[in-house]
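Participant: One structure follows; several queries about it will come next.
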Amino acid sequence: EDSPRVFPPYARPTLIAHRGDSGRAPEHTIPAYRLALEAGADFVEPDLQITKDGVLVCLHDTTLERTTDVESVFPGRSRTIKGREAWPVADFTLEEIRRLDAGSWKGPQFKGLRVPTFQEMIDLVRGHAGIIPETKAPEAYEGLGLDMAGLLMDALRKNGLDVPGADPKTPVVVQSFSIGSIKALRERHGCKLPILALLDEPGQVTGEAIAGLKGLVDGIAPSKNLVLKRPGLVDDAHRLGLSVTVWTFRAGAAGSSQQVREEMARFLGDLKVDAVFTDNPDQFPRR
Ligand code: G3P
Ligand code: CA
């Protein structure tokens with residue numbers, strides 16, 4: 001009953017599987033991406049990091065210890081970051097990262113899963129859903145001489161996915177918290193793909209602030225809280241021709257699937273947002 005109103009880059013309601021189906025499988029693993037496709041995700045999200053040898057891999061954190069067994073495989077290779085022992089992705093080659101178990105942290109049944117490259121993710125998802133890569137912490141890599149926006153565009157070009165409409169079955173939308181990265185994509189690398197600005201501060205969703213994004217991005221991607229705290233945000237964005245994509249919808253520790261389903265329905269219905277990032281794509285309220 002919800003007639004799609006088209007804002008760039010997609011019609012609502014759009015389902016984005018956040019880090020894959022990260023509710024039912026370890027985030028950013030092949031099974032998580034596969035489950036997302038089975039759940040009918042319109043887009044699958046890879047967060048991007050860069051290995052020491054310059055390869056894009058799918059991982060949320062800039063360091064490896066939360067989601068892999070790097071601590072026991074490479075005990076002597078940590079650094080102290082913000083007073084904590086950490087193993088930065090950028091300190092390890094792809095070959096080294098491939099030795100890590102990226103599944104066991106979520107449960108013994110996932111033992112042996114690997115950190116996928118962006119190329120593997122593309123190969124799996126292509127033809128079945130869209131891809132919505134996030135340039136994650138690009139500034140951290142800039143200091144190391146690694147240009148994440150450039151690597152992303154190279155990878156998309158190599159796959160023939162770097163222009164809008166190149167593969168109707170696999171639309172590509174880029175997202176970033178970093179305005180610097182978005183400008184690098186547009187200005188340095190000539191990116192014509194739709195881009196979303198990820199927003200997490202109240203100062204970023206004033207009328208003036210979002211009007212300032214018009215022309216640079218195609219949509220805004222605020223957190224749920226920002227949408228709730230700033231009445232009129234969705235209408236204001238829509239008036240500017242910007243889509244609104246909201247993050248992150250997830251079943252709580254108690255695992256209430258009904259709750260997350262109702263929450264998504266409320267944002268897509270009453271609040272009229274265009275798309276949701278969710279850890280639970282199987283709970284998406286179907287159109
Ligand atoms: O990219 C949307 C959402 O994923 C932003 O938060 O930290 O999960 O990447 P994060
Ligand atoms: Ca993300």
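In the structure tokens, chains take letters A, B, ... by order of appearance, with residues numbered from 1 within each chain and ligands from 1 in the order shown.
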Please extract the residues at most 12 Å from ligand 1, counting only C-alpha atoms and all ligand atoms, and provide them as a PDB file with C-alpha atoms, in the first residue's frame, using the chain letters and residue numbers of this document.
Facilitator:
```
ATOM      1  CA  ILE A  16      20.130  -2.950   3.356  1.00  0.00           C
ATOM      2  CA  ALA A  17      21.764  -5.883   5.117  1.00  0.00           C
ATOM      3  CA  HIS A  18      24.171  -4.284   7.585  1.00  0.00           C
ATOM      4  CA  ARG A  19      27.536  -6.099   7.443  1.00  0.00           C
ATOM      5  CA  GLY A  20      25.546  -8.892   5.750  1.00  0.00           C
ATOM      6  CA  SER A  22      25.129 -10.009  10.906  1.00  0.00           C
ATOM      7  CA  GLU A  27      29.477  -9.882  10.330  1.00  0.00           C
ATOM      8  CA  HIS A  28      31.367  -9.497   7.060  1.00  0.00           C
ATOM      9  CA  PHE A  43      21.695  -4.065  -0.920  1.00  0.00           C
ATOM     10  CA  VAL A  44      24.459  -5.742   1.031  1.00  0.00           C
ATOM     11  CA  GLU A  45      26.892  -3.589   2.994  1.00  0.00           C
ATOM     12  CA  PRO A  46      30.638  -4.076   3.088  1.00  0.00           C
ATOM     13  CA  ASP A  47      32.663  -1.772   5.353  1.00  0.00           C
ATOM     14  CA  LEU A  48      36.111  -1.415   3.812  1.00  0.00           C
ATOM     15  CA  GLN A  49      39.604  -1.576   5.314  1.00  0.00           C
ATOM     16  CA  CYS A  58      35.514  -6.283   4.242  1.00  0.00           C
ATOM     17  CA  LEU A  59      35.795  -5.484   7.922  1.00  0.00           C
ATOM     18  CA  HIS A  60      34.144  -2.938  10.185  1.00  0.00           C
ATOM     19  CA  ASP A  61      36.942  -2.128  12.630  1.00  0.00           C
ATOM     20  CA  THR A  62      40.325  -0.631  11.717  1.00  0.00           C
ATOM     21  CA  ILE A 131      26.354  -3.218  -3.066  1.00  0.00           C
ATOM     22  CA  ILE A 132      26.753  -0.286  -0.693  1.00  0.00           C
ATOM     23  CA  PRO A 133      30.415  -0.018   0.303  1.00  0.00           C
ATOM     24  CA  GLU A 134      31.481   2.299   3.110  1.00  0.00           C
ATOM     25  CA  THR A 135      34.869   3.987   2.974  1.00  0.00           C
ATOM     26  CA  LYS A 136      35.703   3.415   6.641  1.00  0.00           C
ATOM     27  CA  ALA A 137      38.276   5.546   8.467  1.00  0.00           C
ATOM     28  CA  VAL A 173      25.806   3.270  -3.785  1.00  0.00           C
ATOM     29  CA  VAL A 174      28.792   4.564  -1.827  1.00  0.00           C
ATOM     30  CA  GLN A 175      28.588   5.813   1.784  1.00  0.00           C
ATOM     31  CA  SER A 176      30.962   7.544   4.158  1.00  0.00           C
ATOM     32  CA  PHE A 177      31.126   9.491   7.424  1.00  0.00           C
ATOM     33  CA  SER A 178      34.041  11.358   5.891  1.00  0.00           C
ATOM     34  CA  ILE A 195      26.748   8.729  -2.529  1.00  0.00           C
ATOM     35  CA  LEU A 196      25.247   8.903   0.972  1.00  0.00           C
ATOM     36  CA  ALA A 197      26.652  11.078   3.753  1.00  0.00           C
ATOM     37  CA  LEU A 198      26.576   9.183   7.050  1.00  0.00           C
ATOM     38  CA  LEU A 199      25.577  11.561   9.841  1.00  0.00           C
ATOM     39  CA  ASP A 200      25.857  11.076  13.585  1.00  0.00           C
ATOM     40  CA  ILE A 220      21.745  11.412   3.917  1.00  0.00           C
ATOM     41  CA  ALA A 221      22.185   8.475   6.256  1.00  0.00           C
ATOM     42  CA  PRO A 222      21.482   9.594   9.821  1.00  0.00           C
ATOM     43  CA  SER A 223      21.385   7.377  12.898  1.00  0.00           C
ATOM     44  CA  LYS A 224      17.938   6.396  14.259  1.00  0.00           C
ATOM     45  CA  VAL A 244      17.045   9.228   3.897  1.00  0.00           C
ATOM     46  CA  THR A 245      18.698   5.943   4.892  1.00  0.00           C
ATOM     47  CA  VAL A 246      18.723   5.124   8.596  1.00  0.00           C
ATOM     48  CA  TRP A 247      21.025   2.935  10.744  1.00  0.00           C
ATOM     49  CA  THR A 248      21.117   0.552  12.568  1.00  0.00           C
ATOM     50  CA  PHE A 249      18.115  -1.677  13.238  1.00  0.00           C
ATOM     51  CA  ARG A 250      18.990  -4.732  15.299  1.00  0.00           C
ATOM     52  CA  ALA A 275      15.871   2.723   3.481  1.00  0.00           C
ATOM     53  CA  VAL A 276      17.111   0.936   6.581  1.00  0.00           C
ATOM     54  CA  PHE A 277      20.398  -0.702   7.499  1.00  0.00           C
ATOM     55  CA  THR A 278      19.610  -3.766   9.571  1.00  0.00           C
ATOM     56  CA  ASP A 279      21.497  -6.661  11.175  1.00  0.00           C
TER      57      ASP A 279
END
```
Participant: Just the strand (DSSP E) stuff from range 33-219 of chain A, please, per backbone DSSP, written as number ranges by chain.
Facilitator: A: 43-44, 47-50, 56-58, 79-81, 84-86, 130-131, 134-135, 174-176, 195-199, 219
Participant: Which residue is closest to Val163 in chain A? Choose from A:Val57, A:Ala25, A:Leu242, A:Leu193 and count only C-alpha atoms.
Facilitator: A:Leu193
Participant: What lies within 9 Å of Met264 in chain A using only C-alpha atoms, ignoring chain neighbours under 4 positions off, as an MDAnalysis selection string?
Facilitator: chainID A and resid 249 259:260 268:269 276 278 283:285
Participant: Quick one: residues within 8 Å of Lys192 in chain A, only C-alpha atoms counted, chain neighbours fewer than 3 positions away excluded, as an NGL selection string?
Facilitator: :A and (162-164 or 186)
Participant: Residues at most 12 Å from Asn159 in chain A, counting only C-alpha atoms, excluding those fewer than 2 positions away in the same chain, as a ChimeraX atom specification?
Facilitator: /A:118-123,126,152-157,161-163,166-167,170,172
Participant: Using Å and a single decimal, report how far CA of Arg34 in chain A sits from CA of Pro8 in chain A.
Facilitator: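 Answer for the CA of Pro8 in chain A to CA of Arg34 in chain A separation: 26.3 Å.
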Participant: When DSSP works through the backbone of this structure, what residues of range 30-134 of chain A end up as helix (DSSP H, G or I), shown as number ranges by chain?
Facilitator: A: 30-38, 70-73, 75-77, 89-91, 94-97, 104-106, 108-110, 118-125
Participant: Output N, CA and C atoms for every residue in the selection just made, as a short mmCIF file (atom, residue, chain, number, x, y, z; two decimals), in the first residue's frame.
Facilitator:
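Contents of part.cif, freshly written:
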```cif
data_model
loop_
_atom_site.label_atom_id
_atom_site.label_comp_id
_atom_site.auth_asym_id
_atom_site.auth_seq_id
_atom_site.Cartn_x
_atom_site.Cartn_y
_atom_site.Cartn_z
N ILE A 30 31.38 -14.58 4.37
CA ILE A 30 30.62 -15.05 3.20
C ILE A 30 29.24 -15.59 3.63
N PRO A 31 29.14 -16.40 4.69
CA PRO A 31 27.80 -16.85 5.10
C PRO A 31 26.87 -15.69 5.47
N ALA A 32 27.40 -14.63 6.07
CA ALA A 32 26.55 -13.48 6.42
C ALA A 32 26.03 -12.83 5.13
N TYR A 33 26.87 -12.71 4.13
CA TYR A 33 26.43 -12.12 2.86
C TYR A 33 25.42 -13.04 2.17
N ARG A 34 25.69 -14.34 2.24
CA ARG A 34 24.78 -15.30 1.59
C ARG A 34 23.39 -15.27 2.24
N LEU A 35 23.35 -15.23 3.55
CA LEU A 35 22.06 -15.17 4.25
C LEU A 35 21.32 -13.87 3.92
N ALA A 36 22.08 -12.80 3.75
CA ALA A 36 21.46 -11.51 3.38
C ALA A 36 20.76 -11.64 2.03
N LEU A 37 21.40 -12.31 1.09
CA LEU A 37 20.78 -12.51 -0.24
C LEU A 37 19.54 -13.38 -0.10
N GLU A 38 19.64 -14.42 0.70
CA GLU A 38 18.48 -15.31 0.89
C GLU A 38 17.31 -14.56 1.52
N VAL A 70 43.37 -12.89 15.87
CA VAL A 70 44.71 -12.34 15.60
C VAL A 70 45.61 -12.37 16.83
N GLU A 71 45.00 -12.18 17.98
CA GLU A 71 45.73 -12.13 19.25
C GLU A 71 46.54 -13.41 19.48
N SER A 72 45.94 -14.55 19.14
CA SER A 72 46.68 -15.80 19.37
C SER A 72 47.55 -16.18 18.17
N VAL A 73 47.19 -15.73 16.96
CA VAL A 73 48.00 -16.09 15.78
C VAL A 73 49.24 -15.20 15.68
N PRO A 75 50.72 -12.97 18.32
CA PRO A 75 50.75 -12.34 19.65
C PRO A 75 51.73 -11.17 19.76
N GLY A 76 52.80 -11.21 19.00
CA GLY A 76 53.82 -10.16 19.14
C GLY A 76 53.61 -8.96 18.25
N ARG A 77 52.51 -8.89 17.55
CA ARG A 77 52.37 -7.84 16.53
C ARG A 77 51.37 -6.75 16.89
N VAL A 89 44.59 -3.49 10.92
CA VAL A 89 44.51 -4.19 9.63
C VAL A 89 45.71 -3.80 8.76
N ALA A 90 46.06 -2.51 8.79
CA ALA A 90 47.12 -1.99 7.91
C ALA A 90 48.51 -2.54 8.25
N ASP A 91 48.65 -3.25 9.37
CA ASP A 91 49.94 -3.85 9.73
C ASP A 91 50.09 -5.25 9.17
N LEU A 94 47.52 -9.32 3.16
CA LEU A 94 46.32 -10.13 2.92
C LEU A 94 46.59 -11.59 3.27
N GLU A 95 47.77 -12.07 2.90
CA GLU A 95 48.09 -13.47 3.18
C GLU A 95 48.03 -13.75 4.68
N GLU A 96 48.49 -12.80 5.48
CA GLU A 96 48.45 -12.98 6.93
C GLU A 96 47.00 -12.94 7.45
N ILE A 97 46.25 -12.00 6.92
CA ILE A 97 44.85 -11.86 7.38
C ILE A 97 44.03 -13.10 7.01
N SER A 104 34.82 -17.63 14.85
CA SER A 104 34.65 -18.24 16.18
C SER A 104 34.15 -17.28 17.25
N TRP A 105 34.49 -15.98 17.12
CA TRP A 105 34.04 -15.01 18.14
C TRP A 105 32.53 -15.01 18.28
N LYS A 106 31.85 -15.39 17.20
CA LYS A 106 30.37 -15.37 17.22
C LYS A 106 29.79 -16.72 17.69
N PRO A 108 31.18 -21.30 18.10
CA PRO A 108 32.07 -22.35 17.59
C PRO A 108 31.63 -22.90 16.23
N GLN A 109 30.34 -22.80 15.93
CA GLN A 109 29.86 -23.33 14.64
C GLN A 109 30.38 -22.53 13.45
N PHE A 110 30.95 -21.35 13.73
CA PHE A 110 31.44 -20.50 12.63
C PHE A 110 32.97 -20.56 12.50
N PHE A 118 37.16 -7.46 -0.81
CA PHE A 118 36.03 -6.77 -1.45
C PHE A 118 35.69 -7.48 -2.76
N GLN A 119 36.72 -7.97 -3.46
CA GLN A 119 36.47 -8.67 -4.72
C GLN A 119 35.61 -9.92 -4.50
N GLU A 120 35.89 -10.66 -3.46
CA GLU A 120 35.08 -11.86 -3.18
C GLU A 120 33.64 -11.49 -2.87
N MET A 121 33.48 -10.40 -2.16
CA MET A 121 32.14 -9.93 -1.82
C MET A 121 31.39 -9.58 -3.11
N ILE A 122 32.06 -8.85 -4.00
CA ILE A 122 31.43 -8.47 -5.28
C ILE A 122 31.04 -9.74 -6.05
N ASP A 123 31.96 -10.68 -6.12
CA ASP A 123 31.69 -11.91 -6.89
C ASP A 123 30.47 -12.65 -6.36
N LEU A 124 30.28 -12.61 -5.04
CA LEU A 124 29.15 -13.33 -4.44
C LEU A 124 27.82 -12.60 -4.67
N VAL A 125 27.86 -11.29 -4.51
CA VAL A 125 26.61 -10.51 -4.48
C VAL A 125 26.14 -10.12 -5.88
#
```
Participant: Using only C-alpha atoms, which protein or nucleic acid residues come within 9 Å of Ala211 in chain A? Drop anything in the same chain fewer than 5 positions from it, and give the result as a VMD selection string.
Facilitator: chain A and resid 206 236 to 237 240
Participant: Would you compute the distance between CA of Gly145 in chain A and CA of Asp101 in chain A? Give it in Å to one decimal.
Facilitator: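 So the answer is 28.0 Å.
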Participant: Extract, using only C-alpha atoms, all DNA, RNA and protein residues at most 8 Å from Asp274 in chain A, discarding same-chain residues fewer than 5 positions from it, and format them as a PyMOL selection string.
Facilitator: chain A and resi 7+10-14+243-245+268
Participant: Could you tell me how far CA of Arg66 in chain A sits from CA of Val227 in chain A, in Å to one decimal place?
Facilitator: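 According to the coordinates, CA of Val227 in chain A and CA of Arg66 in chain A are separated by 29.1 Å.
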Participant: When distances are computed from only C-alpha atoms, which of A:Glu139, A:Glu65, A:Glu187, A:Asp218 shows the smallest separation from Pro9 in chain A?
Facilitator: A:Asp218
